[in-house]
Structures are given as C-alpha cells and as structure tokens.
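Student: Quick one: this structure, given as structure tokens, is what I'll be asking you about.
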Amino acid sequence: MKSASGLAYKSSGLADRRTYDSVAGEYYDERLHPTCADFRSASRIYLARLFDELKPTGRIADIGCGRSLVAEFQQQNLVLIDESSEMLRQNVPFLESRCINVEREPIGASEFDWIFAVLGDPYNTNGPND
Ligand SMILES: C[S@@+](CC[C@H](N)C(=O)[O-])C[C@H]1O[C@@H](n2cnc3c(N)ncnc32)[C@H](O)[C@@H]1O
C-alpha cells in the first residue's frame, strides 16, 4: 500500500512483533480471515506435491510455523519455530518447538536438511533493522 507521502508501508502493522500473539486465537477462522484460509489451502496443495515428489528426509524446520502445515505431512525430526508463543500453541504439544525471532537469533545453518517458511511474508525484510 501507499501512504499519503507516497512511501510503501505494511498495512498490517507487523512491525510490532507481538501482533501474532494477539491474532492467534482467530487467525485460522476462515470467516474472519478468508484470504489467509485460501493461501493456506494453496500451500497445502503445493506441500502435498513437494512431499510426494521430493520426500524430504533428515532434520526439518518450519519457521514462522503458526499452526504448522508441514506437520500435516511429516512430524518425525520436525522442529517448529515461531516467535509467537500463541501461534506455537496451536500445534500438538509433543513436537519440538522453539519460540524465537529468526531474524534476531541464529538457527543452526548446518542443523537442518530442509527449512520451510510457509506464508513467511511477515519477515520478508532486509534484516533486523528493516
Ligand atoms: C502469516 S503467518 C503463517 C503461519 C503458518 N506458517 C501458516 O502457514 O499458517 C506468519 C507466522 O510467522 C511468524 N513470524 C513472523 N515473523 C517471524 C520471525 N521473525 N521469527 C519467527 N517467526 C516469525 C508469526 O508469528 C506467524 O505465526
């Protein structure tokens, strides 16, 4: 979107990193967030094909996992990562999880064989100072 000054800005206000905690309870309500639900459906179709064709193995990370779609396809060796504890809470409790901001804290570059970021646009930035 464009502001009155003509500069692009994020209309969602996600510069406030706590935002997903406050929307976590309703984020997956398709009546309230139909566009998110549609993107989620499309992502599920894409992941189904990816898991069928490439059969990811090894240690897998789902960063910005929310209610993890990756967990629908594979739970073994999966690590769920999200900075929002309320979004992480949407998952079954027995999965390994980390509540961290991936732009500010390192996640092991050599730790994972696969890293997924499904609908990861909130941290599609130039870095921590963006
Ligand atoms: C649009 S939601 C998508 C959630 C989930 N992947 C899905 O497809 O339903 C983005 C998620 O990314 C998380 N997130 C945003 N910025 C992040 C960051 N810098 N580090 C970790 N998680 C982040 C949010 O808390 C939120 O759960």
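Each chain of the structure tokens is named A, B, ... in the order shown, its residues numbered from 1; ligands are numbered from 1 in display order.
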Can you tell me which residues sit at most 9 Å away from ligand 1, counting only C-alpha atoms and all ligand atoms, written as an NGL selection string?

Tutor: :A and (14 or 17-21 or 24 or 27-28 or 36-37 or 39-40 or 43-44 or 62-70 or 81-88 or 99-105 or 116-124 or 128)

Student: Quick one: of A:Leu32, A:Val23, A:Ala42, A:Leu78, who's nearest to Pro56 (chain A), counting only C-alpha atoms?

Tutor: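 Counting only C-alpha atoms, the residue closest to Pro56 (chain A) is A:Leu78.
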
Student: Please measure the separation of CA of Ile60 (chain A) and CA of Ile45 (chain A), giving the value in Å to one decimal.

Tutor: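 According to the coordinates, CA of Ile60 (chain A) and CA of Ile45 (chain A) are separated by 18.9 Å.
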
Student: Could you find all residues in region 56-126 of chain A that DSSP calls helix (DSSP H, G or I) from the backbone, and write them as an mmCIF file with C-alpha atoms, in the first residue's frame?

Tutor:
```
data_model
loop_
_atom_site.group_PDB
_atom_site.id
_atom_site.type_symbol
_atom_site.label_atom_id
_atom_site.label_comp_id
_atom_site.auth_asym_id
_atom_site.auth_seq_id
_atom_site.Cartn_x
_atom_site.Cartn_y
_atom_site.Cartn_z
ATOM 1 C CA VAL A 70 4.452 -29.076 7.425
ATOM 2 C CA ALA A 71 3.384 -31.126 10.453
ATOM 3 C CA GLU A 72 0.445 -32.400 8.398
ATOM 4 C CA SER A 85 4.065 -18.429 21.693
ATOM 5 C CA GLU A 86 0.344 -18.212 20.980
ATOM 6 C CA MET A 87 0.847 -19.348 17.397
ATOM 7 C CA LEU A 88 3.142 -22.163 18.550
ATOM 8 C CA ASP A 121 5.884 -12.755 4.340
ATOM 9 C CA PRO A 122 5.996 -11.036 7.766
ATOM 10 C CA TYR A 123 9.760 -11.450 7.874
#
```

Student: Find the spatial neighbours of Ser110 (chain A), counting only C-alpha atoms, within a cut-off of 12 Å - ignore same-chain residues fewer than 2 positions away - and output them as a VMD selection string.

Tutor: chain A and resid 58 to 61 106 to 108 112 to 115
